[in-house]
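With mmCIF, C-alpha atoms and all ligand atoms inside, this is run-v3.cif:
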```cif
data_run
#
loop_
_atom_site.label_atom_id
_atom_site.label_comp_id
_atom_site.auth_asym_id
_atom_site.auth_seq_id
_atom_site.Cartn_x
_atom_site.Cartn_y
_atom_site.Cartn_z
CA MET A 252 23.75 212.15 26.91
CA ASN A 253 24.18 208.59 25.71
CA GLU A 254 22.02 206.05 27.43
CA GLY A 255 24.43 203.14 27.85
CA PHE A 256 24.51 201.55 31.30
CA GLU A 257 28.12 202.42 32.11
CA THR A 258 27.70 205.98 30.82
CA LEU A 259 24.71 206.49 33.10
CA ALA A 260 26.48 204.89 36.07
CA ILE A 261 29.43 207.25 35.66
CA HIS A 262 27.63 210.46 34.67
CA ALA A 263 23.93 210.55 35.64
CA GLY A 264 23.41 213.03 38.48
CA GLN A 265 27.15 213.68 38.48
CA GLU A 266 27.77 216.89 36.54
CA ALA A 267 31.11 218.52 37.31
CA ASP A 268 30.82 220.77 40.38
CA PRO A 269 29.65 224.21 39.11
CA HIS A 270 31.97 226.14 41.47
CA THR A 271 35.24 224.23 41.12
CA GLY A 272 34.87 221.87 38.18
CA ALA A 273 35.51 218.87 40.47
CA VAL A 274 34.59 215.86 38.35
CA VAL A 275 33.32 213.87 41.32
CA PRO A 276 30.41 215.16 43.43
CA PRO A 277 31.88 216.42 46.71
CA ILE A 278 30.96 214.95 50.09
CA TYR A 279 28.60 217.60 51.44
CA ALA A 280 29.21 217.00 55.15
CA VAL A 281 26.60 219.50 56.20
CA SER A 282 23.29 219.44 58.06
CA THR A 283 21.80 222.82 57.12
CA TYR A 284 21.95 225.45 54.34
CA LYS A 285 22.03 229.27 54.33
CA GLN A 286 18.79 230.81 53.09
CA ASP A 287 18.78 234.02 51.07
CA GLY A 288 15.96 235.58 53.08
CA VAL A 289 13.33 233.43 54.79
CA GLY A 290 12.33 230.64 52.41
CA GLY A 291 15.00 231.66 49.86
CA LEU A 292 16.53 228.21 49.36
CA ARG A 293 19.51 227.79 47.05
CA ALA A 294 18.87 224.84 44.73
CA GLY A 295 16.13 223.60 47.06
CA TYR A 296 18.38 222.52 49.92
CA GLU A 297 17.10 223.23 53.40
CA TYR A 298 18.10 220.46 55.83
CA SER A 299 20.07 217.28 55.11
CA ARG A 300 17.44 214.79 56.29
CA SER A 301 15.19 216.21 53.54
CA ALA A 302 17.94 216.38 50.90
CA ASN A 303 21.72 216.57 50.63
CA PRO A 304 23.57 217.17 47.34
CA THR A 305 25.80 214.08 47.67
CA ARG A 306 22.75 211.94 48.33
CA THR A 307 20.90 213.62 45.45
CA ALA A 308 23.74 212.65 43.08
CA LEU A 309 23.46 209.02 44.19
CA GLU A 310 19.67 209.05 43.99
CA GLU A 311 19.71 210.44 40.44
CA ALA A 312 22.31 207.92 39.33
CA LEU A 313 20.35 205.02 40.86
CA ALA A 314 17.15 206.16 39.15
CA ALA A 315 19.02 206.36 35.84
CA VAL A 316 20.63 202.90 35.99
CA GLU A 317 17.32 201.26 36.99
CA GLY A 318 15.41 203.24 34.34
CA GLY A 319 13.11 204.72 37.01
CA ALA A 320 11.45 208.05 37.67
CA ARG A 321 12.78 208.52 41.20
CA GLY A 322 15.60 207.09 43.31
CA LEU A 323 15.90 207.36 47.08
CA ALA A 324 18.90 206.37 49.20
CA PHE A 325 18.60 204.99 52.73
CA ALA A 326 20.79 204.07 55.67
CA SER A 327 20.47 200.34 54.87
CA GLY A 328 18.53 197.95 52.68
CA LEU A 329 16.19 197.19 55.56
CA ALA A 330 15.60 200.89 56.22
CA ALA A 331 14.54 201.18 52.56
CA GLU A 332 12.23 198.16 52.92
CA ASP A 333 10.67 199.49 56.11
CA THR A 334 10.03 202.92 54.59
CA LEU A 335 8.48 201.36 51.50
CA LEU A 336 6.22 199.03 53.46
CA ARG A 337 5.03 201.73 55.83
CA THR A 338 4.26 203.91 52.81
CA VAL A 339 2.22 201.39 50.83
CA CYS A 340 0.64 199.46 53.75
CA LYS A 341 -1.38 200.39 56.80
CA PRO A 342 -2.72 198.15 59.60
CA GLY A 343 -5.09 195.56 58.14
CA ASP A 344 -3.20 195.30 54.84
CA HIS A 345 -1.46 192.21 53.53
CA VAL A 346 1.67 191.39 51.51
CA VAL A 347 2.66 188.27 49.57
CA ILE A 348 6.34 187.44 50.08
CA PRO A 349 8.61 184.74 48.60
CA ASP A 350 8.76 181.51 50.61
CA ASP A 351 12.54 181.89 50.55
CA ALA A 352 12.86 185.62 51.15
CA TYR A 353 16.08 187.02 52.60
CA GLY A 354 16.02 186.24 56.35
CA GLY A 355 16.10 189.90 57.38
CA THR A 356 13.13 190.69 55.14
CA TYR A 357 11.23 187.78 56.68
CA ARG A 358 12.12 189.03 60.16
CA LEU A 359 10.87 192.54 59.29
CA PHE A 360 7.51 191.04 58.34
CA SER A 361 7.22 188.40 61.05
CA ARG A 362 8.65 190.25 64.06
CA VAL A 363 7.98 193.91 63.35
CA LEU A 364 5.29 194.68 60.76
CA GLN A 365 3.00 191.84 61.79
CA GLU A 366 2.82 193.29 65.30
CA TRP A 367 1.66 196.57 63.74
CA GLY A 368 -1.14 194.80 61.90
CA VAL A 369 0.38 194.12 58.45
CA SER A 370 -0.07 190.43 57.66
CA PHE A 371 1.85 188.41 55.10
CA ASP A 372 1.95 185.02 53.42
CA PRO A 373 5.11 183.30 52.18
CA VAL A 374 4.40 181.72 48.77
CA PRO A 375 6.58 179.92 46.19
CA LEU A 376 6.78 182.64 43.55
CA GLY A 377 7.53 180.14 40.78
CA ASP A 378 3.93 178.93 41.15
CA LEU A 379 1.77 181.71 39.65
CA ASP A 380 -1.48 179.97 40.69
CA ALA A 381 -0.27 179.89 44.28
CA VAL A 382 0.52 183.62 44.09
CA ARG A 383 -2.91 184.36 42.57
CA ALA A 384 -4.58 182.34 45.33
CA ALA A 385 -2.64 184.19 48.04
CA VAL A 386 -3.56 187.68 46.82
CA ARG A 387 -6.56 189.02 48.76
CA PRO A 388 -8.55 192.25 48.49
CA GLU A 389 -6.37 193.76 51.24
CA THR A 390 -3.10 192.73 49.53
CA LYS A 391 -1.18 195.91 48.79
CA ALA A 392 2.09 194.44 47.53
CA VAL A 393 3.61 191.34 46.00
CA TRP A 394 7.25 191.16 47.12
CA VAL A 395 9.69 189.48 44.76
CA GLU A 396 13.31 188.52 45.14
CA THR A 397 14.98 187.08 42.08
CA PRO A 398 17.38 185.36 42.26
CA THR A 399 16.65 184.61 45.91
CA ASN A 400 19.01 184.61 48.84
CA PRO A 401 20.39 181.96 49.39
CA LEU A 402 18.59 179.35 47.24
CA LEU A 403 18.90 181.27 43.96
CA ASN A 404 15.34 180.58 42.91
CA VAL A 405 14.10 182.65 40.01
CA ALA A 406 10.73 184.40 39.69
CA ASP A 407 9.14 185.67 36.48
CA ILE A 408 8.93 189.42 37.06
CA ALA A 409 6.69 190.23 34.07
CA ALA A 410 4.21 187.46 34.92
CA LEU A 411 4.10 188.47 38.59
CA ALA A 412 3.57 192.11 37.64
CA ASP A 413 0.44 191.05 35.75
CA VAL A 414 -0.83 189.06 38.75
CA ALA A 415 -0.20 191.95 41.17
CA HIS A 416 -1.66 194.61 38.87
CA ASP A 417 -4.79 192.54 38.16
CA ARG A 418 -5.56 192.80 41.87
CA GLY A 419 -4.49 196.42 42.36
CA ALA A 420 -1.30 195.56 44.27
CA VAL A 421 2.17 196.96 43.60
CA LEU A 422 4.99 194.68 42.48
CA VAL A 423 8.16 195.18 44.49
CA VAL A 424 11.40 193.56 43.32
CA ASP A 425 14.42 193.23 45.58
CA ASN A 426 17.09 193.47 42.89
CA THR A 427 20.06 193.13 45.25
CA PHE A 428 21.35 189.80 43.92
CA ALA A 429 21.17 190.70 40.23
CA SER A 430 22.07 194.42 40.45
CA PRO A 431 20.73 196.88 37.88
CA TYR A 432 23.45 195.81 35.45
CA LEU A 433 22.06 192.28 35.12
CA GLN A 434 18.34 192.93 35.55
CA GLN A 435 16.02 195.92 35.27
CA PRO A 436 12.71 195.02 36.93
CA LEU A 437 10.96 198.34 36.19
CA SER A 438 11.21 197.64 32.46
CA LEU A 439 9.49 194.28 33.12
CA GLY A 440 6.53 195.86 34.88
CA ALA A 441 7.66 196.19 38.51
CA ASP A 442 6.56 199.32 40.38
CA VAL A 443 9.43 199.59 42.86
CA VAL A 444 12.95 198.20 42.99
CA VAL A 445 14.62 197.65 46.35
CA HIS A 446 18.37 197.38 46.86
CA SER A 447 20.69 196.61 49.64
CA THR A 448 23.35 198.87 48.08
CA THR A 449 25.66 197.35 50.71
CA LYS A 450 26.10 194.56 48.15
CA TYR A 451 26.92 194.82 44.42
CA VAL A 452 26.08 198.51 43.98
CA GLY A 453 28.55 199.60 46.68
CA GLY A 454 30.68 196.62 45.75
CA HIS A 455 33.62 197.01 48.13
CA SER A 456 32.27 195.86 51.51
CA ASP A 457 32.94 199.29 52.97
CA VAL A 458 29.47 200.79 53.34
CA VAL A 459 25.94 199.81 54.41
CA GLY A 460 23.10 201.36 52.43
CA GLY A 461 19.77 200.83 50.74
CA ALA A 462 17.75 202.23 47.88
CA LEU A 463 14.29 202.41 46.37
CA VAL A 464 13.68 203.24 42.73
CA THR A 465 10.13 203.76 41.42
CA ARG A 466 8.60 203.53 37.96
CA SER A 467 6.16 206.37 38.63
CA ALA A 468 7.02 209.85 39.84
CA ASP A 469 3.88 209.79 41.95
CA LEU A 470 4.89 206.79 44.07
CA GLY A 471 8.40 208.29 44.18
CA GLU A 472 6.96 211.45 45.70
CA ARG A 473 5.01 209.52 48.36
CA LEU A 474 8.13 207.58 49.27
CA ALA A 475 10.24 210.74 49.39
CA TYR A 476 7.71 212.23 51.81
CA HIS A 477 8.03 209.18 54.07
CA GLN A 478 11.82 209.08 53.67
CA ASN A 479 11.94 212.57 55.15
CA ALA A 480 9.19 211.97 57.69
CA MET A 481 10.76 208.71 58.95
CA GLY A 482 14.36 209.82 58.53
CA ALA A 483 16.33 206.65 57.71
CA VAL A 484 18.44 208.47 55.09
CA ALA A 485 21.90 207.67 53.73
CA GLY A 486 24.53 210.04 55.15
CA PRO A 487 26.77 211.98 52.72
CA PHE A 488 29.90 209.84 53.26
CA ASP A 489 27.93 206.66 52.70
CA ALA A 490 26.22 208.14 49.64
CA TRP A 491 29.59 209.14 48.21
CA LEU A 492 31.13 205.68 48.70
CA THR A 493 28.08 204.02 47.18
CA LEU A 494 28.21 206.34 44.18
CA ARG A 495 31.89 205.56 43.69
CA GLY A 496 31.04 201.86 43.72
CA LEU A 497 28.19 202.29 41.25
CA LYS A 498 30.53 203.73 38.59
CA THR A 499 32.30 200.36 38.14
CA LEU A 500 29.27 198.12 38.62
CA GLY A 501 29.19 196.97 34.98
CA VAL A 502 32.81 195.86 34.75
CA ARG A 503 32.72 194.29 38.19
CA MET A 504 29.55 192.33 37.45
CA ASP A 505 31.00 190.91 34.24
CA ARG A 506 34.02 189.62 36.17
CA HIS A 507 31.81 188.32 39.01
CA CYS A 508 29.85 186.36 36.38
CA ASP A 509 32.99 185.06 34.61
CA ASN A 510 34.44 183.82 37.90
CA ALA A 511 31.14 182.36 39.14
CA GLU A 512 30.82 180.33 35.93
CA ARG A 513 34.27 178.78 36.52
CA VAL A 514 33.41 178.07 40.17
CA VAL A 515 30.18 176.37 39.08
CA ASP A 516 32.16 174.12 36.69
CA LEU A 517 34.47 173.08 39.50
CA LEU A 518 31.59 172.36 41.90
CA LEU A 519 29.71 170.33 39.29
CA SER A 520 32.66 167.99 38.88
CA HIS A 521 33.35 167.56 42.61
CA PRO A 522 32.26 164.26 44.19
CA LYS A 523 31.35 165.86 47.55
CA VAL A 524 28.94 168.33 45.98
CA VAL A 525 25.43 166.91 45.67
CA GLN A 526 23.73 169.93 44.11
CA VAL A 527 24.80 173.24 42.60
CA LEU A 528 22.27 176.08 42.67
CA TYR A 529 23.01 178.61 39.91
CA PRO A 530 20.44 180.11 37.52
CA GLY A 531 22.93 179.85 34.65
CA LEU A 532 22.69 176.05 34.65
CA PRO A 533 20.31 174.73 31.97
CA GLU A 534 18.90 172.24 34.52
CA HIS A 535 18.06 175.02 37.00
CA PRO A 536 14.23 175.19 37.12
CA GLY A 537 14.32 178.98 36.63
CA HIS A 538 16.95 178.98 33.87
CA GLU A 539 14.65 179.94 31.02
CA VAL A 540 13.06 182.80 32.92
CA ALA A 541 16.46 183.98 34.14
CA ALA A 542 17.80 183.90 30.56
CA LYS A 543 14.82 186.01 29.47
CA GLN A 544 15.07 188.68 32.15
CA MET A 545 18.77 188.77 33.11
CA ARG A 546 21.80 189.84 31.06
CA ARG A 547 23.93 187.16 32.77
CA PHE A 548 23.43 184.94 35.82
CA GLY A 549 25.35 186.70 38.56
CA GLY A 550 28.11 186.10 41.06
CA MET A 551 26.19 184.18 43.74
CA VAL A 552 26.49 180.40 43.84
CA SER A 553 25.05 178.04 46.46
CA PHE A 554 25.70 174.32 46.78
CA ARG A 555 24.71 171.37 48.95
CA VAL A 556 27.25 168.87 50.17
CA GLU A 557 27.47 165.27 51.22
CA GLY A 558 27.80 164.91 54.98
CA GLY A 559 25.11 167.40 56.01
CA GLU A 560 25.54 170.40 58.28
CA GLU A 561 28.85 169.33 59.77
CA ALA A 562 30.49 168.95 56.35
CA ALA A 563 29.07 172.29 55.15
CA VAL A 564 30.38 174.10 58.22
CA GLU A 565 33.79 172.45 57.84
CA ILE A 566 34.11 173.63 54.24
CA CYS A 567 33.31 177.18 55.35
CA ASN A 568 35.92 176.95 58.11
CA ARG A 569 38.63 175.55 55.81
CA ALA A 570 38.37 178.15 53.07
CA GLU A 571 41.00 180.88 53.20
CA LEU A 572 40.82 183.13 50.14
CA PHE A 573 37.03 182.79 50.31
CA THR A 574 36.63 184.78 53.51
CA LEU A 575 34.17 183.36 56.03
CA GLY A 576 31.68 186.15 56.52
CA GLU A 577 28.14 187.42 56.01
CA SER A 578 27.12 189.82 53.26
CA LEU A 579 27.92 189.53 49.56
CA GLY A 580 28.57 191.44 46.39
CA GLY A 581 31.99 192.87 47.26
CA VAL A 582 35.13 192.49 45.16
CA GLU A 583 36.43 189.89 47.63
CA SER A 584 35.03 186.36 47.66
CA LEU A 585 33.00 185.32 50.69
CA ILE A 586 31.78 181.95 51.93
CA GLU A 587 29.12 181.31 54.55
CA HIS A 588 26.75 178.78 56.08
CA PRO A 589 23.29 180.35 55.64
CA GLY A 590 21.60 178.07 58.19
CA ARG A 591 23.83 179.24 61.02
CA MET A 592 24.70 182.71 59.75
CA THR A 593 22.65 184.96 57.43
CA HIS A 594 19.46 182.92 57.67
CA ALA A 595 19.60 181.88 61.32
CA SER A 596 16.60 184.17 61.94
CA ALA A 597 14.50 181.90 59.66
CA ALA A 598 15.24 178.75 61.74
CA GLY A 599 12.06 176.90 62.66
CA SER A 600 10.01 178.98 60.19
CA PRO A 601 8.68 177.96 56.77
CA LEU A 602 11.74 179.78 55.38
CA GLU A 603 14.33 177.62 57.11
CA VAL A 604 17.20 176.82 54.71
CA PRO A 605 18.81 173.37 54.26
CA ALA A 606 21.54 172.62 56.80
CA ASP A 607 23.91 171.22 54.15
CA LEU A 608 23.90 174.45 52.14
CA VAL A 609 26.98 176.61 51.53
CA ARG A 610 26.67 180.05 49.89
CA LEU A 611 29.45 181.72 47.91
CA SER A 612 29.72 185.32 46.87
CA VAL A 613 32.26 184.90 44.10
CA GLY A 614 34.54 187.93 43.97
CA ILE A 615 36.76 189.30 41.24
CA GLU A 616 40.11 187.90 42.37
CA THR A 617 42.27 185.83 39.95
CA VAL A 618 39.99 182.93 39.19
CA ASP A 619 42.67 180.21 39.43
CA ASP A 620 43.38 181.28 43.01
CA LEU A 621 39.69 181.02 43.84
CA LEU A 622 39.44 177.55 42.30
CA ALA A 623 42.53 176.35 44.19
CA ASP A 624 41.14 177.63 47.49
CA LEU A 625 37.76 176.03 46.93
CA SER A 626 39.29 172.68 45.95
CA GLU A 627 41.36 172.75 49.14
CA ALA A 628 38.32 173.63 51.27
CA LEU A 629 36.20 170.87 49.72
CA GLY A 630 38.96 168.36 50.50
C1 LIG B 701 18.46 190.26 49.16
C2 LIG B 701 18.68 191.21 50.30
N1 LIG B 701 17.77 192.18 50.52
C3 LIG B 701 17.93 193.05 51.54
C4 LIG B 701 18.99 192.97 52.43
C5 LIG B 701 19.08 193.93 53.57
O1 LIG B 701 20.03 194.92 53.32
P1 LIG B 701 20.93 195.64 54.45
O2 LIG B 701 21.76 194.58 55.09
O3 LIG B 701 21.71 196.65 53.66
O4 LIG B 701 19.98 196.25 55.43
C6 LIG B 701 19.95 191.98 52.21
C7 LIG B 701 21.11 191.87 53.13
O5 LIG B 701 21.80 190.87 53.16
C8 LIG B 701 19.79 191.08 51.13
O6 LIG B 701 20.67 190.09 50.90
#
```
Using structure tokens, write down the structure that the file contains.
Ligand SMILES: Cc1ncc(COP(=O)(O)O)c(C=O)c1O
Amino acid sequence: MNEGFETLAIHAGQEADPHTGAVVPPIYAVSTYKQDGVGGLRAGYEYSRSANPTRTALEEALAAVEGGARGLAFASGLAAEDTLLRTVCKPGDHVVIPDDAYGGTYRLFSRVLQEWGVSFDPVPLGDLDAVRAAVRPETKAVWVETPTNPLLNVADIAALADVAHDRGAVLVVDNTFASPYLQQPLSLGADVVVHSTTKYVGGHSDVVGGALVTRSADLGERLAYHQNAMGAVAGPFDAWLTLRGLKTLGVRMDRHCDNAERVVDLLLSHPKVVQVLYPGLPEHPGHEVAAKQMRRFGGMVSFRVEGGEEAAVEICNRAELFTLGESLGGVESLIEHPGRMTHASAAGSPLEVPADLVRLSVGIETVDDLLADLSEALG
């Protein structure tokens, strides 16, 4: 088979159904499988927590588009994160995380894993010396998000892989914001990619899911064991929707990027906007690294406004085509106030986000309509 991204997204793991020729993997809404004599499994299927053919199709496709050895699909991004962390860490271990990690990831560390004895340190990942200094003998993972949610900071995946590997830690990259179309962390030295497939991979705001993709088959096998033992798997309907979304990821991402670039131009010229955060801007501190490791710069744009929190909240309330809501990565444009919404759980922590920040998930609607709505909302 050809190896192009779109070809893999549409075909990997998705052979026509051998019984009917159906060109799309069916939704196997089933919990158990008939055995031909005790232990006589057909195609290895035994019980749907362990494996389900619809989920297998998604897992194979995800592994293919990330260039990994093994893909695993979970009930949510956080379920994937939890399974990964409880596979690679035990009580007494330590993880380095970004100082602007996604709020839910921070909460998993600070409110759940820490109580079970896994410690962590938030570090600015752009500062390699700071990362080196934070890595201790008990550090089992360096956790990277790039670009970050919601500040769109960029981290150098290849350089961080060297730092982690020098100390025997694994490099984990949450690739949710970029998607596998724009960035392939495993090819840059990462050991595991994490996704909230709820976002760009699913792409239509109609399913919650998560994924892990590993570079080595060995780590993939350990994670698969824990996936089954812990049980936070993607159900067959969710797997099917996510797989349908994945097929169009490439074309959607190109349009997300086109529209985001136009939105950035509008924001840059608006007197009420004091700063635009977008890795595609040459003045963005991570621009060079982003240009090196990303195909394009993505559909997420954040900006800070004059007038502080009140003005930022007002803009969110006034937008109409940009729907006020959490989440991101769907075909429809969303606007939100991270301080009060997605990142409220980081309030009062070192990861608190600026109060005057607005985050946009730029969708694939007609761009002139998006620009008109945003101009109206900015006033
Ligand atoms: C960067 C990032 N990672 C992980 C998650 C968690 O994923 P989920 O909401 O699917 O559990 C999110 C959700 O917003 C996210 O933005």
List as a ChimeraX atom specification: which residues have an atom within 7 Å of (11.6, 200.0, 41.9), counting only C-alpha atoms? /A:319,423-424,437,441-445,463-466
Each residue of range 292-380 of chain A with at least one atom at most 12 Å from range 474-495 of chain A should appear once, together with its nearest atom pair and the corresponding distance in Å (one decimal); atoms considered: only C-alpha atoms; ordering: chain, then increasing residue number; output as CSV.
```
residue,atom,partner,partner_atom,distance
A:Glu297,CA,A:Asn479,CA,12.0
A:Tyr298,CA,A:Asn479,CA,10.0
A:Ser299,CA,A:Gly486,CA,8.5
A:Arg300,CA,A:Asn479,CA,6.0
A:Ser301,CA,A:Asn479,CA,5.1
A:Ala302,CA,A:Asn479,CA,8.3
A:Asn303,CA,A:Pro487,CA,7.1
A:Pro304,CA,A:Pro487,CA,8.1
A:Thr305,CA,A:Pro487,CA,5.6
A:Arg306,CA,A:Ala490,CA,5.3
A:Thr307,CA,A:Ala490,CA,8.7
A:Ala308,CA,A:Leu494,CA,7.8
A:Leu309,CA,A:Leu494,CA,5.5
A:Glu310,CA,A:Ala490,CA,8.7
A:Glu311,CA,A:Leu494,CA,10.2
A:Ala312,CA,A:Leu494,CA,7.8
A:Leu313,CA,A:Leu494,CA,8.6
A:Val316,CA,A:Leu494,CA,11.7
A:Arg321,CA,A:Ala475,CA,8.9
A:Gly322,CA,A:Ala475,CA,8.9
A:Leu323,CA,A:Ala475,CA,7.0
A:Ala324,CA,A:Ala485,CA,5.6
A:Phe325,CA,A:Val484,CA,4.2
A:Ala326,CA,A:Ala485,CA,4.2
A:Ser327,CA,A:Ala485,CA,7.6
A:Gly328,CA,A:Ala483,CA,10.3
A:Leu329,CA,A:Ala483,CA,9.7
A:Ala330,CA,A:Ala483,CA,6.0
A:Ala331,CA,A:Ala483,CA,7.7
A:Glu332,CA,A:Ala483,CA,10.6
A:Asp333,CA,A:Ala483,CA,9.3
A:Thr334,CA,A:Gln478,CA,6.5
A:Leu335,CA,A:Leu474,CA,6.6
A:Leu336,CA,A:Leu474,CA,9.7
A:Arg337,CA,A:His477,CA,8.2
A:Thr338,CA,A:Leu474,CA,6.4
A:Val339,CA,A:Leu474,CA,8.7
A:Cys340,CA,A:Leu474,CA,11.9
```
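Atom O3 of ligand LIG 701 (chain B) is found 25.7 Å from CA of Ala415 in chain A.
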Compile a residue-level contact table for range 339-431 of chain A against range 503-518 of chain A at a cut-off of 12 Å, reporting for every qualifying residue the shortest atom pair and its distance in Å to one decimal, with all atoms listed in the file counted, rows ordered by chain and ascending number, as CSV.
```
residue,atom,partner,partner_atom,distance
A:Phe428,CA,A:Met504,CA,10.7
A:Ala429,CA,A:Met504,CA,9.0
A:Ser430,CA,A:Met504,CA,8.3
A:Pro431,CA,A:Met504,CA,9.9
```
Hey, can you check how far CA of Leu622 in chain A sits from CA of Asn426 in chain A? 27.4 Å
Residues near Pro349 in chain A, anyone? I mean within 9 Å using all atoms listed in the file, not counting same-chain ones fewer than 6 positions away, as a PyMOL selection string. chain A and resi 372-376+393-396+399+602
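Minimum atom-to-atom distances from A:Val363, A:Ala384, A:Leu579, A:Leu629 to ligand LIG 701 (chain B) were compared using all atoms listed in the file, and the lowest value belongs to A:Leu579.
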One-decimal distance in Å that lies between CA of Asp378 in chain A and CA of Val414 in chain A: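 We find that CA of Val414 in chain A and CA of Asp378 in chain A lie 11.4 Å from each other.
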Could you name the residues that touch Val274 in chain A at 12 Å or less, counting only C-alpha atoms, but leaving out those on the same chain fewer than 6 positions away, as a VMD selection string? chain A and resid 261 to 262 264 to 268 495
Padding 8 Å on each side, edges along x, y and z: where is the centre of the box around the listed atoms of ligand LIG 701 (chain B), and how long are its edges in Å to one decimal? Output it as JSON.
```
{"center_x": 19.8, "center_y": 193.4, "center_z": 52.3, "size_x": 20.0, "size_y": 22.6, "size_z": 22.3}
```
Extract, using only C-alpha atoms, all DNA, RNA and protein residues at most 7 Å from range 521-529 of chain A, discarding same-chain residues fewer than 4 positions from it, and format them as a VMD selection string. chain A and resid 402 to 403 517 535 552 to 557
At most 8 Å is the cut-off: for each residue in range 440-519 of chain A with any atom that close to an atom of range 581-589 of chain A, write down the nearest atom pair and the distance in Å rounded to one decimal, counting all atoms listed in the file, chain first then increasing number, as JSON lines.
```
{"residue": "A:Lys450", "atom": "CA", "partner": "A:Gly581", "partner_atom": "CA", "distance": 6.2}
{"residue": "A:Tyr451", "atom": "CA", "partner": "A:Gly581", "partner_atom": "CA", "distance": 6.1}
{"residue": "A:Gly453", "atom": "CA", "partner": "A:Gly581", "partner_atom": "CA", "distance": 7.6}
{"residue": "A:Gly454", "atom": "CA", "partner": "A:Gly581", "partner_atom": "CA", "distance": 4.2}
{"residue": "A:His455", "atom": "CA", "partner": "A:Gly581", "partner_atom": "CA", "distance": 4.5}
{"residue": "A:Ser456", "atom": "CA", "partner": "A:Gly581", "partner_atom": "CA", "distance": 5.2}
{"residue": "A:Arg503", "atom": "CA", "partner": "A:Val582", "partner_atom": "CA", "distance": 7.6}
```
Which residue, A:Gly590, A:Gly559, A:Gly255, A:Gly354, has the smallest gap to ligand LIG 701 (chain B) when you use only C-alpha atoms and all ligand atoms?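 Smallest distance to ligand LIG 701 (chain B) is found for A:Gly354.
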Name the closest residue to ligand LIG 701 (chain B) among the candidates A:Ala406, A:Ala462, A:Ala392, A:Val369; distances are taken between atoms, counting all atoms listed in the file. A:Ala462
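Of the residues under consideration (A:Leu572, A:Ala352, A:Ala381, A:Val613), A:Ala352 shows the shortest atom-to-atom contact distance to ligand LIG 701 (chain B) when counting only C-alpha atoms and all ligand atoms.
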Would you mind putting N, CA and C atoms back on range 572-585 of chain A and writing the result as a PDB file, in the coordinates of the input?
```pdb
ATOM      1  N   LEU A 572      40.992 181.961  51.015  1.00  0.00           N
ATOM      2  CA  LEU A 572      40.820 183.130  50.140  1.00  0.00           C
ATOM      3  C   LEU A 572      39.334 183.519  50.111  1.00  0.00           C
ATOM      4  N   PHE A 573      38.459 182.531  50.093  1.00  0.00           N
ATOM      5  CA  PHE A 573      37.030 182.790  50.310  1.00  0.00           C
ATOM      6  C   PHE A 573      36.884 183.112  51.793  1.00  0.00           C
ATOM      7  N   THR A 574      36.693 184.364  52.113  1.00  0.00           N
ATOM      8  CA  THR A 574      36.630 184.780  53.510  1.00  0.00           C
ATOM      9  C   THR A 574      35.313 184.349  54.133  1.00  0.00           C
ATOM     10  N   LEU A 575      35.388 183.772  55.329  1.00  0.00           N
ATOM     11  CA  LEU A 575      34.170 183.360  56.030  1.00  0.00           C
ATOM     12  C   LEU A 575      33.505 184.619  56.579  1.00  0.00           C
ATOM     13  N   GLY A 576      32.346 184.936  56.041  1.00  0.00           N
ATOM     14  CA  GLY A 576      31.680 186.150  56.520  1.00  0.00           C
ATOM     15  C   GLY A 576      30.312 186.311  55.883  1.00  0.00           C
ATOM     16  N   GLU A 577      29.474 187.123  56.543  1.00  0.00           N
ATOM     17  CA  GLU A 577      28.140 187.420  56.010  1.00  0.00           C
ATOM     18  C   GLU A 577      28.290 188.477  54.916  1.00  0.00           C
ATOM     19  N   SER A 578      27.176 188.848  54.342  1.00  0.00           N
ATOM     20  CA  SER A 578      27.120 189.820  53.260  1.00  0.00           C
ATOM     21  C   SER A 578      27.608 189.203  51.945  1.00  0.00           C
ATOM     22  N   LEU A 579      27.627 190.018  50.910  1.00  0.00           N
ATOM     23  CA  LEU A 579      27.920 189.530  49.560  1.00  0.00           C
ATOM     24  C   LEU A 579      28.113 190.723  48.636  1.00  0.00           C
ATOM     25  N   GLY A 580      28.558 190.412  47.424  1.00  0.00           N
ATOM     26  CA  GLY A 580      28.570 191.440  46.390  1.00  0.00           C
ATOM     27  C   GLY A 580      29.793 192.325  46.379  1.00  0.00           C
ATOM     28  N   GLY A 581      30.764 192.073  47.268  1.00  0.00           N
ATOM     29  CA  GLY A 581      31.990 192.870  47.260  1.00  0.00           C
ATOM     30  C   GLY A 581      33.010 192.267  46.308  1.00  0.00           C
ATOM     31  N   VAL A 582      34.092 192.984  46.077  1.00  0.00           N
ATOM     32  CA  VAL A 582      35.130 192.490  45.160  1.00  0.00           C
ATOM     33  C   VAL A 582      35.812 191.242  45.715  1.00  0.00           C
ATOM     34  N   GLU A 583      35.778 191.069  47.040  1.00  0.00           N
ATOM     35  CA  GLU A 583      36.430 189.890  47.630  1.00  0.00           C
ATOM     36  C   GLU A 583      35.427 188.745  47.766  1.00  0.00           C
ATOM     37  N   SER A 584      35.916 187.523  47.577  1.00  0.00           N
ATOM     38  CA  SER A 584      35.030 186.360  47.660  1.00  0.00           C
ATOM     39  C   SER A 584      34.715 186.036  49.111  1.00  0.00           C
ATOM     40  N   LEU A 585      33.454 185.690  49.351  1.00  0.00           N
ATOM     41  CA  LEU A 585      33.000 185.320  50.690  1.00  0.00           C
ATOM     42  C   LEU A 585      32.353 183.946  50.649  1.00  0.00           C
TER      43      LEU A 585
END
```
